[in-house]
Amino acid sequence: MIRSLKSALLLLGSVATLTACTTAPDAASGAGTASLEPIAGQPSAVTASTGTAKNVIILISDGIGFNGWLAADYYQGLAGKQSYQVARPDGTQPVLYGMAHSSLNLIDADGNVLRSASDVALAKGAVEQGYDPTTRWNRFDNTFAGDFAPVSMSYTSYTDSAAAGTALLAGRKTANGRINLDWSGQQRFRTIAEIAMDSGRSAGAVASVMASHATPAAVIAHNVSRNNYAEIFNEMAASELDVIMGGGHPLFDASGNPVNPESERAYRYVGGSETLAAMTGQAGLNGFAFIDAKADFQSLADGTNVPERVIGIARTSSTLQAGRENLPAADTPSGMAFNPDVPDLATMSLGALNVLNHDQDGFFLMIEGGAVDWMGHANNMPRYIEEQIDFNNAVDAVIAWVEANSSWEETLLIVTSDHECGGIWGEGTWTNSEGGAVAADRDPQSLVSARYDPAVDTFNAYLAVQDRGQGNLPGFQFASGNHTNELVPLWALGKGSNMFAQFARSDRRAAQLWGAQYGWDGRFVDNTSVFTVMESALND
Ligand SMILES: [Zn+2]
């Protein structure tokens, strides 16, 4: 109530300013007075065309481009049919863009690129390369490390999740490793969560990996290095966030078995042993309820026991499911049963929404499917697909929650990634001297040799991953064990989603590869525009 009054006053204030400017020359003739009449009736029309979103939700699947996205969609039999890819029951249409995501690269005084973390003290500047649709398709490996060499040397590498998270959530480019600080580590960036909370909304971060990992860290923390997990977690827990959820539990392994931590280092993902003791102690930490049992995540999702603020650390040392071992055989993409003692991302997301929805003013929520990237690094397609299905289930749950508890008239939803990982391409894109390049045996040696090596392999053609039917792995090859500069998809639904159009450029070649499956025309935006759109949606 207070908020809407404030908005109305702000809006009237800006209209009044506009009126003053446009009518000043005619004020003496009396036209200024007349023009007040229609303008006084305009606020609702202005609100309808852009308007303020009460809630902003961004779901980030970490490390997945168009080919990887299609791979999981084909496995699910849902390419172009996922909940966020189709018109909603109220007629709301999603928009789809590609997204570029380059970071800054540090250079020394002579302009040499600093490739080692230990050289950072030598940095005298930072250079951005960006994604260039006119040169990207000239050479197959143009999006890999050391890519885009238009002249004698390349400044470009791929982004990491820290720089990408900073761009998405604070709208500023920075060097890899930085969390919401500029390349020099001096300037602090204000994040979308801080902006949301300053406006009276609540905010939260949910991840299927450690709660202090780069992407959830980028919601609120500021640090020169993403690797300072304990500092990052403590900054998050000392912030005004109302929800912090993820893995990284020091008392369990990656399969959910209890362990005794052997050193303080084991506690780093949750801020250290003192922070854990405070969180789990009687008094609690900073007003947060603490949960770690699967049943408690479930009751949060069911809405049966919803505290004002919550920290939820699932009982896994790292990711929810991607690192599990020694569990029975089961009918899953990887053939191994899931760890039954941790919640899935959908359950965590619903719990977070129920907590944040206490705030009548609205909220900002970031949800990360964090381990897709890890399985891309590992070139493990079955578990990569498992992780992306878990992410898709979370998006489904969030959309169902919005349609039951809010609406697309007051909520902006963005579904995207932060970068590509693994260089995933269709089978036959390149062949090696053995006549192929798909390592299905999971042997680390053959995984590495299956990757693309321009010195010995033959590039044939750019091929999208091939649909082999629901429940079957698609036709695919992993070109890399690391991130690439390839465009990633971005879907947006609801209030303010139309604002992406003003930032779009076009990559027609990319649309030829992936356009038909998703009805995509090749338009793409830069990752910083995600922040701009979210900020505009919150503040208008
Ligand atoms: Zn990664």
# chains A, B, ... in the order shown; residues from 1 in each chain; ligands from 1
>>> residues_around(residues="range 198-215 of chain A", least_positions_apart="2", cutoff="7 Å", atoms="only C-alpha atoms", output="MDAnalysis selection string")
chainID A and resid 161:162 165 193:196 217:219 226 229 232:233 241:248 269 318:320 345 349 356 359 361:371
>>> write_last_selection(atoms="N, CA and C atoms", output="tab-separated table (two decimals), in the first residue's frame")
chain	number	residue	atom	x	y	z
A	161	SER	N	32.10	-17.80	-14.02
A	161	SER	CA	30.78	-17.53	-13.45
A	161	SER	C	30.78	-16.31	-12.54
A	162	ALA	N	31.94	-15.91	-12.02
A	162	ALA	CA	32.01	-14.73	-11.15
A	162	ALA	C	31.81	-13.47	-11.98
A	165	GLY	N	28.28	-13.60	-13.42
A	165	GLY	CA	27.28	-13.29	-12.40
A	165	GLY	C	27.26	-11.80	-12.10
A	193	ALA	N	19.94	-7.25	-6.22
A	193	ALA	CA	19.33	-7.60	-4.92
A	193	ALA	C	19.38	-6.41	-3.97
A	194	GLU	N	20.49	-5.67	-3.98
A	194	GLU	CA	20.58	-4.47	-3.14
A	194	GLU	C	19.54	-3.44	-3.58
A	195	ILE	N	19.39	-3.29	-4.89
A	195	ILE	CA	18.41	-2.33	-5.42
A	195	ILE	C	17.00	-2.76	-5.02
A	196	ALA	N	16.72	-4.05	-5.13
A	196	ALA	CA	15.39	-4.56	-4.76
A	196	ALA	C	15.13	-4.31	-3.28
A	217	ALA	N	26.89	-16.07	-4.95
A	217	ALA	CA	27.69	-15.00	-4.34
A	217	ALA	C	27.41	-13.67	-5.04
A	218	ALA	N	27.26	-13.72	-6.37
A	218	ALA	CA	27.07	-12.49	-7.14
A	218	ALA	C	25.74	-11.81	-6.86
A	219	VAL	N	24.85	-12.47	-6.14
A	219	VAL	CA	23.58	-11.83	-5.77
A	219	VAL	C	23.82	-10.66	-4.81
A	226	ARG	N	36.38	-15.12	-6.13
A	226	ARG	CA	35.29	-16.06	-5.89
A	226	ARG	C	35.71	-17.20	-4.97
A	229	TYR	N	35.54	-18.36	-0.20
A	229	TYR	CA	34.19	-18.83	0.11
A	229	TYR	C	33.71	-18.40	1.50
A	232	ILE	N	32.83	-14.81	1.62
A	232	ILE	CA	31.63	-14.58	0.81
A	232	ILE	C	30.38	-15.04	1.56
A	233	PHE	N	30.45	-16.24	2.14
A	233	PHE	CA	29.27	-16.72	2.86
A	233	PHE	C	28.93	-15.79	4.02
A	241	LEU	N	19.57	-10.21	2.90
A	241	LEU	CA	18.88	-11.29	2.18
A	241	LEU	C	18.00	-12.06	3.15
A	242	ASP	N	16.84	-12.51	2.68
A	242	ASP	CA	15.95	-13.31	3.52
A	242	ASP	C	16.06	-14.80	3.23
A	243	VAL	N	16.66	-15.16	2.11
A	243	VAL	CA	16.82	-16.57	1.76
A	243	VAL	C	18.22	-16.82	1.22
A	244	ILE	N	18.90	-17.77	1.81
A	244	ILE	CA	20.19	-18.25	1.28
A	244	ILE	C	20.11	-19.77	1.30
A	245	MET	N	20.18	-20.39	0.13
A	245	MET	CA	20.07	-21.85	0.06
A	245	MET	C	21.09	-22.43	-0.91
A	246	GLY	N	21.65	-23.56	-0.54
A	246	GLY	CA	22.56	-24.26	-1.42
A	246	GLY	C	23.13	-25.48	-0.75
A	247	GLY	N	24.17	-26.05	-1.37
A	247	GLY	CA	24.88	-27.17	-0.77
A	247	GLY	C	26.13	-26.65	-0.07
A	248	GLY	N	27.12	-27.54	0.06
A	248	GLY	CA	28.37	-27.16	0.72
A	248	GLY	C	28.36	-27.45	2.20
A	269	TYR	N	32.68	-23.31	2.88
A	269	TYR	CA	31.50	-22.95	2.07
A	269	TYR	C	30.36	-22.37	2.90
A	318	SER	N	28.93	-30.64	-1.68
A	318	SER	CA	29.07	-29.76	-2.84
A	318	SER	C	27.73	-29.56	-3.54
A	319	THR	N	27.45	-30.37	-4.56
A	319	THR	CA	26.21	-30.20	-5.32
A	319	THR	C	25.15	-31.16	-4.81
A	320	LEU	N	23.90	-30.90	-5.18
A	320	LEU	CA	22.81	-31.76	-4.73
A	320	LEU	C	23.02	-33.19	-5.21
A	345	LEU	N	16.06	-28.96	-6.72
A	345	LEU	CA	16.08	-27.50	-6.88
A	345	LEU	C	14.66	-26.92	-6.87
A	349	SER	N	13.37	-24.01	-4.45
A	349	SER	CA	12.85	-22.78	-5.07
A	349	SER	C	11.48	-22.42	-4.51
A	356	LEU	N	9.96	-15.46	0.69
A	356	LEU	CA	10.06	-14.10	0.15
A	356	LEU	C	8.68	-13.46	-0.03
A	359	ASP	N	6.79	-10.67	2.06
A	359	ASP	CA	6.93	-9.23	1.86
A	359	ASP	C	5.89	-8.74	0.87
A	361	ASP	N	5.65	-6.05	-0.53
A	361	ASP	CA	6.21	-5.15	-1.55
A	361	ASP	C	6.81	-5.89	-2.74
A	362	GLY	N	6.92	-7.22	-2.63
A	362	GLY	CA	7.52	-7.98	-3.72
A	362	GLY	C	8.92	-8.44	-3.38
A	363	PHE	N	9.56	-9.08	-4.35
A	363	PHE	CA	10.87	-9.66	-4.07
A	363	PHE	C	11.71	-9.82	-5.32
A	364	PHE	N	13.02	-10.03	-5.11
A	364	PHE	CA	13.94	-10.49	-6.15
A	364	PHE	C	14.47	-11.86	-5.72
A	365	LEU	N	14.49	-12.81	-6.65
A	365	LEU	CA	15.03	-14.14	-6.35
A	365	LEU	C	15.89	-14.64	-7.50
A	366	MET	N	17.10	-15.09	-7.17
A	366	MET	CA	17.98	-15.75	-8.13
A	366	MET	C	18.03	-17.23	-7.78
A	367	ILE	N	17.79	-18.08	-8.77
A	367	ILE	CA	17.86	-19.53	-8.59
A	367	ILE	C	18.86	-20.09	-9.60
A	368	GLU	N	19.85	-20.80	-9.11
A	368	GLU	CA	20.88	-21.33	-10.00
A	368	GLU	C	20.89	-22.86	-10.04
A	369	GLY	N	20.77	-23.40	-11.26
A	369	GLY	CA	21.11	-24.80	-11.48
A	369	GLY	C	22.61	-24.83	-11.72
A	370	GLY	N	23.38	-25.09	-10.66
A	370	GLY	CA	24.81	-24.79	-10.70
A	370	GLY	C	25.70	-25.88	-11.24
A	371	ALA	N	25.21	-27.10	-11.29
A	371	ALA	CA	26.10	-28.22	-11.60
A	371	ALA	C	26.02	-28.67	-13.05
>>> residues_near_ligand(ligand="ligand 1", cutoff="8 Å", atoms="only C-alpha atoms and all ligand atoms", output="ChimeraX atom specification")
/A:62-63,160-161,373-374,376-377,421,482-483
>>> atom_distance(atom1="CA of Thr134 in chain A", atom2="CA of Gly515 in chain A")
17.5 Å
>>> residues_around(residues="Ser273 in chain A", least_positions_apart="5", cutoff="10 Å", atoms="only C-alpha atoms", output="ChimeraX atom specification")
/A:230,250,261,263-268,278-279
>>> write_last_selection(atoms="all heavy atoms", output="JSON list (two decimals), in the first residue's frame")
[["chain", "number", "residue", "atom", "x", "y", "z"],
["A", 230, "ALA", "N", 34.58, -18.54, 2.51],
["A", 230, "ALA", "CA", 34.14, -18.23, 3.87],
["A", 230, "ALA", "C", 33.78, -16.75, 4.00],
["A", 230, "ALA", "O", 32.73, -16.40, 4.54],
["A", 230, "ALA", "CB", 35.23, -18.61, 4.87],
["A", 250, "PRO", "N", 29.43, -29.03, 5.55],
["A", 250, "PRO", "CA", 30.70, -29.63, 5.97],
["A", 250, "PRO", "C", 30.55, -30.99, 6.66],
["A", 250, "PRO", "O", 31.54, -31.71, 6.79],
["A", 250, "PRO", "CB", 31.27, -28.60, 6.95],
["A", 250, "PRO", "CG", 30.10, -27.84, 7.44],
["A", 250, "PRO", "CD", 29.10, -27.82, 6.31],
["A", 261, "PRO", "N", 34.52, -33.48, 9.70],
["A", 261, "PRO", "CA", 35.49, -32.59, 9.04],
["A", 261, "PRO", "C", 36.84, -32.69, 9.70],
["A", 261, "PRO", "O", 36.94, -32.68, 10.92],
["A", 261, "PRO", "CB", 34.88, -31.19, 9.24],
["A", 261, "PRO", "CG", 33.46, -31.43, 9.58],
["A", 261, "PRO", "CD", 33.38, -32.75, 10.24],
["A", 263, "SER", "N", 39.43, -30.58, 9.02],
["A", 263, "SER", "CA", 40.09, -29.28, 9.16],
["A", 263, "SER", "C", 39.07, -28.16, 9.04],
["A", 263, "SER", "O", 37.95, -28.38, 8.57],
["A", 263, "SER", "CB", 41.17, -29.10, 8.09],
["A", 263, "SER", "OG", 40.55, -28.96, 6.82],
["A", 264, "GLU", "N", 39.48, -26.98, 9.42],
["A", 264, "GLU", "CA", 38.63, -25.79, 9.32],
["A", 264, "GLU", "C", 38.22, -25.54, 7.86],
["A", 264, "GLU", "O", 37.12, -25.06, 7.59],
["A", 264, "GLU", "CB", 39.39, -24.59, 9.89],
["A", 264, "GLU", "CG", 38.66, -23.26, 9.80],
["A", 264, "GLU", "CD", 37.35, -23.22, 10.59],
["A", 264, "GLU", "OE1", 37.22, -23.98, 11.58],
["A", 264, "GLU", "OE2", 36.45, -22.44, 10.21],
["A", 265, "ARG", "N", 39.13, -25.90, 6.95],
["A", 265, "ARG", "CA", 38.88, -25.68, 5.53],
["A", 265, "ARG", "C", 37.57, -26.32, 5.06],
["A", 265, "ARG", "O", 36.90, -25.80, 4.16],
["A", 265, "ARG", "CB", 40.06, -26.23, 4.73],
["A", 265, "ARG", "CG", 40.01, -25.97, 3.24],
["A", 265, "ARG", "CD", 41.30, -26.48, 2.58],
["A", 265, "ARG", "NE", 41.05, -26.90, 1.21],
["A", 265, "ARG", "CZ", 40.93, -26.05, 0.18],
["A", 265, "ARG", "NH1", 41.04, -24.76, 0.38],
["A", 265, "ARG", "NH2", 40.71, -26.50, -1.03],
["A", 266, "ALA", "N", 37.21, -27.43, 5.68],
["A", 266, "ALA", "CA", 35.98, -28.12, 5.28],
["A", 266, "ALA", "C", 34.74, -27.28, 5.53],
["A", 266, "ALA", "O", 33.69, -27.54, 4.95],
["A", 266, "ALA", "CB", 35.88, -29.45, 6.02],
["A", 267, "TYR", "N", 34.87, -26.28, 6.39],
["A", 267, "TYR", "CA", 33.71, -25.43, 6.74],
["A", 267, "TYR", "C", 33.61, -24.17, 5.87],
["A", 267, "TYR", "O", 32.76, -23.33, 6.10],
["A", 267, "TYR", "CB", 33.81, -24.98, 8.20],
["A", 267, "TYR", "CG", 33.68, -26.10, 9.21],
["A", 267, "TYR", "CD1", 34.80, -26.83, 9.64],
["A", 267, "TYR", "CD2", 32.44, -26.42, 9.76],
["A", 267, "TYR", "CE1", 34.67, -27.84, 10.57],
["A", 267, "TYR", "CE2", 32.30, -27.42, 10.70],
["A", 267, "TYR", "CZ", 33.43, -28.13, 11.10],
["A", 267, "TYR", "OH", 33.31, -29.14, 12.03],
["A", 268, "ARG", "N", 34.53, -24.02, 4.90],
["A", 268, "ARG", "CA", 34.63, -22.73, 4.23],
["A", 268, "ARG", "C", 33.37, -22.33, 3.47],
["A", 268, "ARG", "O", 33.03, -21.15, 3.40],
["A", 268, "ARG", "CB", 35.84, -22.69, 3.30],
["A", 268, "ARG", "CG", 35.79, -23.64, 2.09],
["A", 268, "ARG", "CD", 37.18, -23.75, 1.48],
["A", 268, "ARG", "NE", 37.24, -24.57, 0.29],
["A", 268, "ARG", "CZ", 37.23, -25.91, 0.29],
["A", 268, "ARG", "NH1", 37.12, -26.58, 1.43],
["A", 268, "ARG", "NH2", 37.33, -26.57, -0.85],
["A", 278, "ALA", "N", 27.06, -20.81, 14.98],
["A", 278, "ALA", "CA", 26.09, -19.74, 15.25],
["A", 278, "ALA", "C", 24.77, -19.99, 14.53],
["A", 278, "ALA", "O", 23.69, -19.80, 15.10],
["A", 278, "ALA", "CB", 26.68, -18.40, 14.79],
["A", 279, "MET", "N", 24.86, -20.47, 13.28],
["A", 279, "MET", "CA", 23.64, -20.72, 12.51],
["A", 279, "MET", "C", 22.78, -21.80, 13.14],
["A", 279, "MET", "O", 21.56, -21.72, 13.16],
["A", 279, "MET", "CB", 23.99, -21.16, 11.07],
["A", 279, "MET", "CG", 24.44, -20.03, 10.17],
["A", 279, "MET", "SD", 24.51, -20.53, 8.44],
["A", 279, "MET", "CE", 25.83, -21.73, 8.42]]
>>> residues_around(residues="range 90-93 of chain A", least_positions_apart="2", cutoff="12 Å", atoms="only C-alpha atoms", output="list in words")
Ser83, Tyr84, Gln85, Val86, Ala87, Arg88, Val95, Leu96, Ile399, Val402, Glu403, Ala404, Ser407, Trp408, Glu409, Thr411, Leu412, Leu413, Trp491, Ala492, Leu493, Gly494, Lys495, Gly496, Ser497 and Asn498 of chain A
>>> select_by_dssp(residues="range 56-273 of chain A", states="helix (DSSP H, G or I)", output="PyMOL selection string")
chain A and resi 66-76+117-122+136-138+140-143+161-170+192-198+214-217+229-238+264-270+273
>>> closest_residue(among="A:Val448, A:Ala352, A:Ile311, A:Val456", to="Asn432 in chain A", atoms="only C-alpha atoms")
A:Val456
>>> atom_distance(atom1="CA of Gly171 in chain A", atom2="CA of Phe531 in chain A")
4.9 Å
>>> select_by_dssp(residues="range 390-457 of chain A", states="strand (DSSP E)", output="PyMOL selection string")
chain A and resi 411-417+420-421+424-425+430-431
>>> write_last_selection(atoms="N, CA, C and O atoms", output="CSV table (one decimal), in the first residue's frame")
chain,number,residue,atom,x,y,z
A,411,THR,N,4.9,-9.9,-12.4
A,411,THR,CA,6.2,-10.7,-12.2
A,411,THR,C,6.9,-10.8,-13.5
A,411,THR,O,6.4,-11.1,-14.5
A,412,LEU,N,8.3,-10.5,-13.4
A,412,LEU,CA,9.2,-10.8,-14.5
A,412,LEU,C,10.0,-12.0,-14.2
A,412,LEU,O,10.6,-12.1,-13.1
A,413,LEU,N,10.0,-12.9,-15.2
A,413,LEU,CA,10.8,-14.2,-15.0
A,413,LEU,C,11.8,-14.3,-16.2
A,413,LEU,O,11.4,-14.1,-17.3
A,414,ILE,N,13.0,-14.5,-15.8
A,414,ILE,CA,14.1,-14.7,-16.8
A,414,ILE,C,14.7,-16.0,-16.6
A,414,ILE,O,15.1,-16.4,-15.5
A,415,VAL,N,14.9,-16.8,-17.7
A,415,VAL,CA,15.5,-18.1,-17.7
A,415,VAL,C,16.7,-18.1,-18.7
A,415,VAL,O,16.5,-17.9,-19.9
A,416,THR,N,17.9,-18.3,-18.2
A,416,THR,CA,19.0,-18.2,-19.0
A,416,THR,C,20.2,-18.9,-18.4
A,416,THR,O,20.1,-19.7,-17.5
A,417,SER,N,21.4,-18.7,-19.0
A,417,SER,CA,22.6,-19.3,-18.5
A,417,SER,C,23.6,-18.2,-18.4
A,417,SER,O,23.4,-17.0,-18.7
A,420,GLU,N,28.5,-20.8,-21.9
A,420,GLU,CA,28.5,-22.2,-22.4
A,420,GLU,C,29.7,-22.9,-21.7
A,420,GLU,O,30.6,-22.3,-21.2
A,421,CYS,N,29.6,-24.2,-21.7
A,421,CYS,CA,30.7,-25.0,-21.1
A,421,CYS,C,30.7,-26.4,-21.8
A,421,CYS,O,29.7,-27.0,-22.0
A,424,ILE,N,29.8,-28.0,-26.7
A,424,ILE,CA,28.9,-29.1,-27.2
A,424,ILE,C,28.5,-28.9,-28.6
A,424,ILE,O,27.9,-27.8,-28.9
A,425,TRP,N,28.6,-29.9,-29.5
A,425,TRP,CA,28.2,-29.8,-30.9
A,425,TRP,C,27.6,-31.1,-31.3
A,425,TRP,O,27.7,-32.1,-30.6
A,430,TRP,N,33.2,-32.7,-36.0
A,430,TRP,CA,34.6,-32.9,-36.4
A,430,TRP,C,34.9,-34.4,-36.2
A,430,TRP,O,34.2,-35.1,-35.5
A,431,THR,N,35.9,-34.9,-36.9
A,431,THR,CA,36.3,-36.2,-36.8
A,431,THR,C,37.8,-36.2,-36.5
A,431,THR,O,38.6,-35.4,-36.9
>>> residues_around(residues="range 461-468 of chain A", least_positions_apart="5", cutoff="10 Å", atoms="only C-alpha atoms", output="PyMOL selection string")
chain A and resi 66-75+77+79+137+140+424-430+473-477+509-510+512-514
>>> residues_around(residues="Ser334 in chain A", least_positions_apart="4", cutoff="10 Å", atoms="only C-alpha atoms", output="PDB file with C-alpha atoms, in the first residue's frame")
ATOM      1  CA  ALA A 329      21.376 -48.654 -10.216  1.00  0.00           C
ATOM      2  CA  ALA A 330      18.203 -46.888 -11.266  1.00  0.00           C
ATOM      3  CA  PHE A 338      19.592 -40.120  -6.853  1.00  0.00           C
ATOM      4  CA  ASN A 380      29.512 -36.168 -18.746  1.00  0.00           C
ATOM      5  CA  MET A 381      26.403 -35.914 -20.942  1.00  0.00           C
ATOM      6  CA  PRO A 382      24.120 -38.234 -18.892  1.00  0.00           C
ATOM      7  CA  ARG A 383      24.646 -36.250 -15.689  1.00  0.00           C
ATOM      8  CA  TYR A 384      24.653 -32.972 -17.590  1.00  0.00           C
ATOM      9  CA  ILE A 385      21.135 -33.876 -18.743  1.00  0.00           C
ATOM     10  CA  GLU A 386      20.137 -34.904 -15.200  1.00  0.00           C
TER      11      GLU A 386
END
>>> closest_residue(among="A:Ile179, A:Gly130, A:Lys124, A:Val398", to="Asp108 in chain A", atoms="only C-alpha atoms")
A:Lys124
>>> decode(residues="range 525-534 of chain A", atoms="all heavy atoms", output="compact mmCIF listing (two decimals), in the first residue's frame")
# COMPACT_ATOMS: atom_id res chain seq x y z
N VAL A 525 21.30 -10.46 -27.05
CA VAL A 525 21.60 -9.33 -26.18
C VAL A 525 22.89 -9.63 -25.41
O VAL A 525 23.36 -10.78 -25.39
CB VAL A 525 20.46 -9.06 -25.18
CG1 VAL A 525 19.18 -8.67 -25.92
CG2 VAL A 525 20.22 -10.27 -24.26
N ASP A 526 23.47 -8.62 -24.81
CA ASP A 526 24.62 -8.81 -23.94
C ASP A 526 24.14 -9.09 -22.52
O ASP A 526 23.06 -8.65 -22.13
CB ASP A 526 25.52 -7.57 -23.96
CG ASP A 526 26.82 -7.81 -23.22
OD1 ASP A 526 27.65 -8.57 -23.76
OD2 ASP A 526 27.00 -7.27 -22.11
N ASN A 527 24.97 -9.80 -21.74
CA ASN A 527 24.51 -10.17 -20.40
C ASN A 527 24.25 -8.97 -19.50
O ASN A 527 23.42 -9.03 -18.60
CB ASN A 527 25.47 -11.17 -19.73
CG ASN A 527 26.90 -10.68 -19.63
OD1 ASN A 527 27.23 -9.57 -20.03
ND2 ASN A 527 27.76 -11.53 -19.08
N THR A 528 24.93 -7.84 -19.74
CA THR A 528 24.67 -6.67 -18.90
C THR A 528 23.25 -6.14 -19.06
O THR A 528 22.71 -5.50 -18.16
CB THR A 528 25.67 -5.54 -19.21
OG1 THR A 528 25.66 -5.29 -20.63
CG2 THR A 528 27.08 -5.91 -18.77
N SER A 529 22.63 -6.42 -20.22
CA SER A 529 21.27 -5.92 -20.43
C SER A 529 20.26 -6.64 -19.53
O SER A 529 19.17 -6.12 -19.28
CB SER A 529 20.85 -6.05 -21.90
OG SER A 529 20.73 -7.40 -22.26
N VAL A 530 20.64 -7.83 -19.02
CA VAL A 530 19.76 -8.54 -18.09
C VAL A 530 19.58 -7.70 -16.83
O VAL A 530 18.46 -7.52 -16.33
CB VAL A 530 20.32 -9.93 -17.75
CG1 VAL A 530 19.49 -10.60 -16.66
CG2 VAL A 530 20.35 -10.79 -19.01
N PHE A 531 20.70 -7.18 -16.33
CA PHE A 531 20.61 -6.29 -15.16
C PHE A 531 19.77 -5.07 -15.47
O PHE A 531 18.89 -4.69 -14.69
CB PHE A 531 22.01 -5.86 -14.71
CG PHE A 531 21.99 -4.73 -13.70
CD1 PHE A 531 21.83 -5.01 -12.35
CD2 PHE A 531 22.12 -3.42 -14.11
CE1 PHE A 531 21.79 -3.97 -11.42
CE2 PHE A 531 22.09 -2.38 -13.18
CZ PHE A 531 21.92 -2.66 -11.84
N THR A 532 20.03 -4.45 -16.63
CA THR A 532 19.32 -3.22 -16.98
C THR A 532 17.82 -3.45 -17.04
O THR A 532 17.03 -2.65 -16.53
CB THR A 532 19.82 -2.69 -18.34
OG1 THR A 532 21.25 -2.60 -18.30
CG2 THR A 532 19.25 -1.33 -18.65
N VAL A 533 17.42 -4.56 -17.65
CA VAL A 533 15.99 -4.87 -17.75
C VAL A 533 15.40 -5.12 -16.36
O VAL A 533 14.32 -4.62 -16.02
CB VAL A 533 15.76 -6.08 -18.68
CG1 VAL A 533 14.34 -6.61 -18.55
CG2 VAL A 533 16.04 -5.68 -20.13
N MET A 534 16.11 -5.87 -15.53
CA MET A 534 15.60 -6.16 -14.19
C MET A 534 15.49 -4.88 -13.37
O MET A 534 14.51 -4.67 -12.64
CB MET A 534 16.50 -7.18 -13.48
CG MET A 534 16.48 -8.56 -14.11
SD MET A 534 17.21 -9.86 -13.08
CE MET A 534 18.92 -9.31 -12.94
